[in-house]
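K.L.:
Below is one structure. I have some questions about it.
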Amino acid sequence: MSSESSREVHMSQPKAAAGASSTLVPLLVISTAQLMLVLDDSIVNIALPTIQEALGVQAVHLPWIVNAYILTFGALLLLGGRIGDLWGRRRTLQWGVVIFALGSLGGGLGQTTGMLIAARAAQGIGAALTAPNALALIATTFSQRKTRDTALAPYGAMSGLGIVAGLLMGGVLTDTLGWRWVFFINVPIALLVLLGSRTLVGAKTEHGQMGALGAALGTAGMVAFVYAITRFGEYGFTEPIALILVAVAVLLLVAFVRTQVSSPNPLLPLSLFRDRHRTGAYLTMLLLAIGPMGTFYVVTLHLQQVQHFSPLQAGAAWLPFALGIVLGAGMAPNLLLKVSPRSVAATGALLSAAATLWLSFITTDTSYWLHLAPAMLVLALGFGLGVMALTQAAIYGVDPDKAGIASALLNSAQQVGVALGLAVLAGVAATVSAGSANTDVAPDVALVDGYSTALLVATGLLLTAAALAFTTLSSRPSPAHEAKAIPA
């Protein structure tokens, strides 16, 4: 496995130190890269009915226009992080952006269902190479604690803003320029990220090998697990193939862990999990992502199917969520200098739990301004605080040669959490609504019963996240200059 040349490191450092661009341009590049990836989680959803009609997509294949992206993105994140550690994070990010752009171009030009699904899978591969290395590059590009926290705030905010922006842009582009532009829009964004990526500072790379057996077992295990999650979302929690896939995933991942213990070049250094705070951050992120992102899906269905919002209106209705994300991510850096990550993450999860509990009291004629909008704001405020605290706990103080894989683990936890949130809450809502429909209640009432129950489940998951954060994360505020920062 070749390493990134030292010339890249030495040439990029003067660029990163030159004037205002030393912070502003790299910050915009990393934030835009994250926005582009998260945006794609939702922008295509709005265009699905139009795509189905235009290409004659069969109903059984339609979910795979979404799932192909989620599957490859979530399953390959660990591999993408390790490749960045070995080949160079900036170089790996650039290749990821190129692959993502080509996948987007292929999606926009797609003429058949197969072409479209293949293009979405290519986008997922590009995203898996880009996401963990964008987060790791924050640590190498911004060597000072203050500027690093400044960079982490918009990065964390993009997780929620991207989904809201995706719904809005998906509605606007589909109604005006046509569905193909939900893919084409990524191409100029990717080109701007590529152009600006020259300002990012690549750290010295680790000398080592990928470990073919570990890479194969780990990737196959993640593919089986994420695929099982998508099938649970489509067919319910008793679907035989999904249950078999879970068993296969467990066997593969156990074998993967065994190879990592004895491997001189592990794909996943198990030493990362010796830090209780970091392990707690990963597990808490998994649960934190399940709650708000599953809630996003359920409430969006309520707006469209019960309150009859148009797709564009439903997207615009989530603007309070975007405001809450900005507020939470903006407040967190200063809070984390004074208050422990444990307190910030637990408080964020509790705020989100309070919001989902509030939302669970929805009815067929719930007021948007008095009920839904305030709850959306609080939900996002808690999510923004939690993501920032957990990001800091996961990547601060990690050894330089493990920054990419540490970032990949955090991204994997969030991406798997998003997939689980969609599967669990959608499954609960569908099951309860079907049961209510059998009691001869009105269809809208049956739907609300399902959504309300799903939101109560989200509340329980978020309360569990709060408890996990409180018991595992550090009880001390982060020092102004952490002792073991990743050097540039």
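Numbering starts fresh at 1 for the residues of each chain in the structure tokens, the chains themselves are lettered A, B, ... in the order given, and ligands are numbered from 1 as they appear.
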Give me the residues within 12 Å of Ala406 in chain A as a ChimeraX atom specification, counting only C-alpha atoms and dropping any in the same chain fewer than 3 places off.
P.N.:
/A:77-82,84-85,131-133,135-137,139,267-273,275,278-279,281-282,391-403,409-413
K.L.:
Could those selected residues go to a file with C-alpha atoms, as a PDB file, in the first residue's frame?
P.N.:
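Final output, saved to out-v5.pdb:
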ATOM      1  CA  LEU A  77     -17.203   3.613   5.887  1.00  0.00           C
ATOM      2  CA  LEU A  78     -14.666   1.660   7.944  1.00  0.00           C
ATOM      3  CA  LEU A  79     -12.780   0.712   4.799  1.00  0.00           C
ATOM      4  CA  GLY A  80     -12.837   4.337   3.630  1.00  0.00           C
ATOM      5  CA  GLY A  81     -11.396   5.549   6.926  1.00  0.00           C
ATOM      6  CA  ARG A  82      -8.590   3.003   6.883  1.00  0.00           C
ATOM      7  CA  GLY A  84      -7.386   7.415   4.279  1.00  0.00           C
ATOM      8  CA  ASP A  85      -4.969   6.534   7.086  1.00  0.00           C
ATOM      9  CA  ALA A 131     -17.066  11.291   4.920  1.00  0.00           C
ATOM     10  CA  PRO A 132     -14.562   9.819   7.420  1.00  0.00           C
ATOM     11  CA  ASN A 133     -11.651  11.637   5.851  1.00  0.00           C
ATOM     12  CA  LEU A 135     -13.894  14.661   9.627  1.00  0.00           C
ATOM     13  CA  ALA A 136     -10.289  13.485  10.154  1.00  0.00           C
ATOM     14  CA  LEU A 137      -9.010  16.408   8.059  1.00  0.00           C
ATOM     15  CA  ALA A 139      -7.924  17.653  13.067  1.00  0.00           C
ATOM     16  CA  LEU A 267      -8.401  -2.548   9.607  1.00  0.00           C
ATOM     17  CA  LEU A 268      -9.980  -1.666  12.956  1.00  0.00           C
ATOM     18  CA  PRO A 269      -7.432  -1.089  15.758  1.00  0.00           C
ATOM     19  CA  LEU A 270      -9.218  -2.522  18.799  1.00  0.00           C
ATOM     20  CA  SER A 271      -7.189  -0.183  21.002  1.00  0.00           C
ATOM     21  CA  LEU A 272      -9.713   2.503  20.074  1.00  0.00           C
ATOM     22  CA  PHE A 273     -12.279   0.742  22.256  1.00  0.00           C
ATOM     23  CA  ASP A 275     -11.065   4.288  25.903  1.00  0.00           C
ATOM     24  CA  ARG A 278     -14.745   6.990  22.967  1.00  0.00           C
ATOM     25  CA  THR A 279     -16.673   3.711  22.964  1.00  0.00           C
ATOM     26  CA  ALA A 281     -19.517   8.187  22.145  1.00  0.00           C
ATOM     27  CA  TYR A 282     -19.950   5.643  19.343  1.00  0.00           C
ATOM     28  CA  THR A 391     -17.825  14.173  17.783  1.00  0.00           C
ATOM     29  CA  GLN A 392     -15.383  15.781  20.169  1.00  0.00           C
ATOM     30  CA  ALA A 393     -15.349  12.727  22.457  1.00  0.00           C
ATOM     31  CA  ALA A 394     -14.717  10.397  19.509  1.00  0.00           C
ATOM     32  CA  ILE A 395     -11.888  12.182  17.665  1.00  0.00           C
ATOM     33  CA  TYR A 396     -10.069  14.382  20.181  1.00  0.00           C
ATOM     34  CA  GLY A 397      -6.946  12.801  21.615  1.00  0.00           C
ATOM     35  CA  VAL A 398      -6.837   9.859  19.198  1.00  0.00           C
ATOM     36  CA  ASP A 399      -3.435   8.764  17.881  1.00  0.00           C
ATOM     37  CA  PRO A 400      -2.612  10.416  14.516  1.00  0.00           C
ATOM     38  CA  ASP A 401      -2.376   7.095  12.646  1.00  0.00           C
ATOM     39  CA  LYS A 402      -5.889   6.132  13.780  1.00  0.00           C
ATOM     40  CA  ALA A 403      -7.727   9.417  13.107  1.00  0.00           C
ATOM     41  CA  LEU A 409     -16.476   4.591  13.294  1.00  0.00           C
ATOM     42  CA  LEU A 410     -18.368   7.719  14.315  1.00  0.00           C
ATOM     43  CA  ASN A 411     -19.761   8.146  10.797  1.00  0.00           C
ATOM     44  CA  SER A 412     -20.680   4.448  10.709  1.00  0.00           C
ATOM     45  CA  ALA A 413     -22.541   4.748  14.010  1.00  0.00           C
TER      46      ALA A 413
END
K.L.:
Let me make sure I understand: among A:Tyr155, A:Phe361, A:Tyr368, A:Trp64, which one has the smallest atom-to-atom distance to Asp449 in chain A if we use only C-alpha atoms?
P.N.:
A:Phe361
K.L.:
Suppose you want the space between CA of Ala249 in chain A and CA of Ala224 in chain A; what is it in Å?
P.N.:
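We find that CA of Ala249 in chain A and CA of Ala224 in chain A lie 5.2 Å from each other.
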K.L.:
Could you please write out, as a list in words, every residue of range 295-329 of chain A that DSSP assigns to alpha helix (DSSP H)?
P.N.:
Thr295, Phe296, Tyr297, Val298, Val299, Thr300, Leu301, Pro311, Leu312, Gln313, Ala314, Gly315, Ala316, Leu319, Pro320, Phe321, Ala322, Leu323, Gly324, Ile325, Val326, Leu327, Gly328 and Ala329 of chain A
K.L.:
Counting only C-alpha atoms, which residue out of A:Thr199, A:Gly214, A:Ala426, A:Leu168 sits closest to Ala314 in chain A?
P.N.:
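For Ala314 in chain A, the nearest of the given residues is A:Leu168.
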K.L.:
Rank A:Leu76, A:Phe237, A:Gln313, A:Val29 by their smallest atom-to-atom distance to Gly170 in chain A, using only C-alpha atoms, and report the top residue only.
P.N.:
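Once distances to Gly170 in chain A are computed over only C-alpha atoms, the minimum belongs to A:Gln313.
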K.L.:
My list of candidates is A:Val339, A:Ala128, A:Val38, A:Leu390. Which is closest to Arg476 in chain A when distances are computed with only C-alpha atoms?
P.N.:
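Checking each candidate against Arg476 in chain A, we get A:Val339 as the closest.
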K.L.:
Between CA of Gly218 in chain A and CA of Met388 in chain A, what is the spacing in Å?
P.N.:
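Going from CA of Met388 in chain A over to CA of Gly218 in chain A covers 27.4 Å.
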K.L.:
Measuring between only C-alpha atoms, which one of A:Pro154, A:Pro26, A:Pro188, A:Arg180 shows the shortest distance to Phe142 in chain A?
P.N.:
A:Pro26
K.L.:
Choose the residue, out of A:Gln415, A:Thr130, A:Thr174, A:Thr439, that has the smallest atom-to-atom separation from Leu288 in chain A; count only C-alpha atoms.
P.N.:
A:Gln415
K.L.:
Give one line per residue of range 69-107 of chain A that approaches range 418-424 of chain A to at most 10 Å, naming the two atoms of the closest pair and their distance in Å to one decimal, counting only C-alpha atoms; sort by chain then ascending residue number and deliver it as CSV.
P.N.:
residue,atom,partner,partner_atom,distance
A:Ile70,CA,A:Ala419,CA,7.4
A:Leu71,CA,A:Ala419,CA,9.0
A:Gly74,CA,A:Ala419,CA,8.7
K.L.:
Would you mind exporting N, CA, C and O atoms of the selected residues as an mmCIF file, in the first residue's frame?
P.N.:
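Okay, this is what ended up in result.cif:
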data_model
loop_
_atom_site.group_PDB
_atom_site.id
_atom_site.type_symbol
_atom_site.label_atom_id
_atom_site.label_comp_id
_atom_site.auth_asym_id
_atom_site.auth_seq_id
_atom_site.Cartn_x
_atom_site.Cartn_y
_atom_site.Cartn_z
ATOM 1 N N ILE A 70 -27.632 4.027 0.832
ATOM 2 C CA ILE A 70 -27.456 3.764 2.258
ATOM 3 C C ILE A 70 -26.587 2.530 2.479
ATOM 4 O O ILE A 70 -25.700 2.516 3.342
ATOM 5 N N LEU A 71 -26.802 1.496 1.676
ATOM 6 C CA LEU A 71 -26.093 0.236 1.853
ATOM 7 C C LEU A 71 -24.591 0.411 1.625
ATOM 8 O O LEU A 71 -23.771 0.032 2.470
ATOM 9 N N GLY A 74 -23.004 3.079 4.252
ATOM 10 C CA GLY A 74 -22.844 2.570 5.610
ATOM 11 C C GLY A 74 -21.881 1.404 5.711
ATOM 12 O O GLY A 74 -21.124 1.288 6.678
#
K.L.:
Which residues come within 8 Å of Gly126 in chain A, counting only C-alpha atoms, excluding same-chain residues fewer than 5 positions away, as a short mmCIF file (atom, residue, chain, number, x, y, z; two decimals) with C-alpha atoms, in the first residue's frame?
P.N.:
data_model
loop_
_atom_site.label_atom_id
_atom_site.label_comp_id
_atom_site.auth_asym_id
_atom_site.auth_seq_id
_atom_site.Cartn_x
_atom_site.Cartn_y
_atom_site.Cartn_z
CA PHE A 73 -22.27 4.25 2.27
CA TRP A 95 -11.00 10.32 -5.00
CA GLY A 96 -14.22 9.93 -3.03
CA VAL A 97 -15.55 13.24 -4.32
CA VAL A 98 -14.67 12.27 -7.91
CA ILE A 99 -16.49 8.92 -7.59
CA PHE A 100 -19.47 10.65 -5.97
#
K.L.:
Using only C-alpha atoms, which protein or nucleic acid residues come within 8 Å of Ala380 in chain A? Drop anything in the same chain fewer than 4 positions from it, and give the result as a list of chain:residue names.
P.N.:
A:Gly160, A:Pro292, A:Phe321, A:Ala322, A:Leu323, A:Gly324, A:Ile325, A:Gly328, A:Ser352, A:Met376, A:Gly384
K.L.:
Near range 190-197 of chain A, within 12 Å and counting only C-alpha atoms, which residues show up once chain neighbours fewer than 2 positions away are dropped, as an NGL selection string?
P.N.:
:A and (8 or 12 or 15-16 or 21-37 or 89-105 or 123 or 126-127 or 130 or 133-134 or 137-138 or 141 or 183-188 or 199-202)
K.L.:
Compile the contact shell of Ser310 in chain A as a PyMOL selection string: residues with an atom at most 12 Å away, counting only C-alpha atoms, same-chain residues fewer than 5 positions apart removed.
P.N.:
chain A and resi 46+167-168+171-172+175+300-305+315-317
K.L.:
For those residues, write C-alpha atoms to a file as a short mmCIF file (atom, residue, chain, number, x, y, z; two decimals), in the first residue's frame.
P.N.:
data_model
loop_
_atom_site.label_atom_id
_atom_site.label_comp_id
_atom_site.auth_asym_id
_atom_site.auth_seq_id
_atom_site.Cartn_x
_atom_site.Cartn_y
_atom_site.Cartn_z
CA ILE A 46 -38.96 13.79 -2.90
CA LEU A 167 -36.22 17.99 1.03
CA LEU A 168 -36.47 21.64 -0.03
CA GLY A 171 -39.12 19.64 -4.23
CA VAL A 172 -37.93 22.77 -6.03
CA ASP A 175 -41.07 20.85 -9.86
CA THR A 300 -42.86 14.00 7.35
CA LEU A 301 -45.32 11.18 6.57
CA HIS A 302 -47.81 12.72 9.01
CA LEU A 303 -47.53 16.09 7.30
CA GLN A 304 -48.13 14.63 3.84
CA GLN A 305 -50.56 11.77 4.48
CA GLY A 315 -39.81 20.25 3.32
CA ALA A 316 -40.35 23.90 4.25
CA ALA A 317 -42.16 22.82 7.43
#
K.L.:
List the spatial neighbours of range 253-260 of chain A as a ChimeraX atom specification - criterion: any atom at most 6 Å away, only C-alpha atoms, same-chain residues fewer than 2 positions off excluded.
P.N.:
/A:214,217-218,221,249-251,262-263,266
K.L.:
Please compute the CA of Ala467 in chain A-CA of Leu337 in chain A distance, one decimal, in Å.
P.N.:
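So the two atoms, CA of Ala467 in chain A and CA of Leu337 in chain A, lie 21.8 Å apart.
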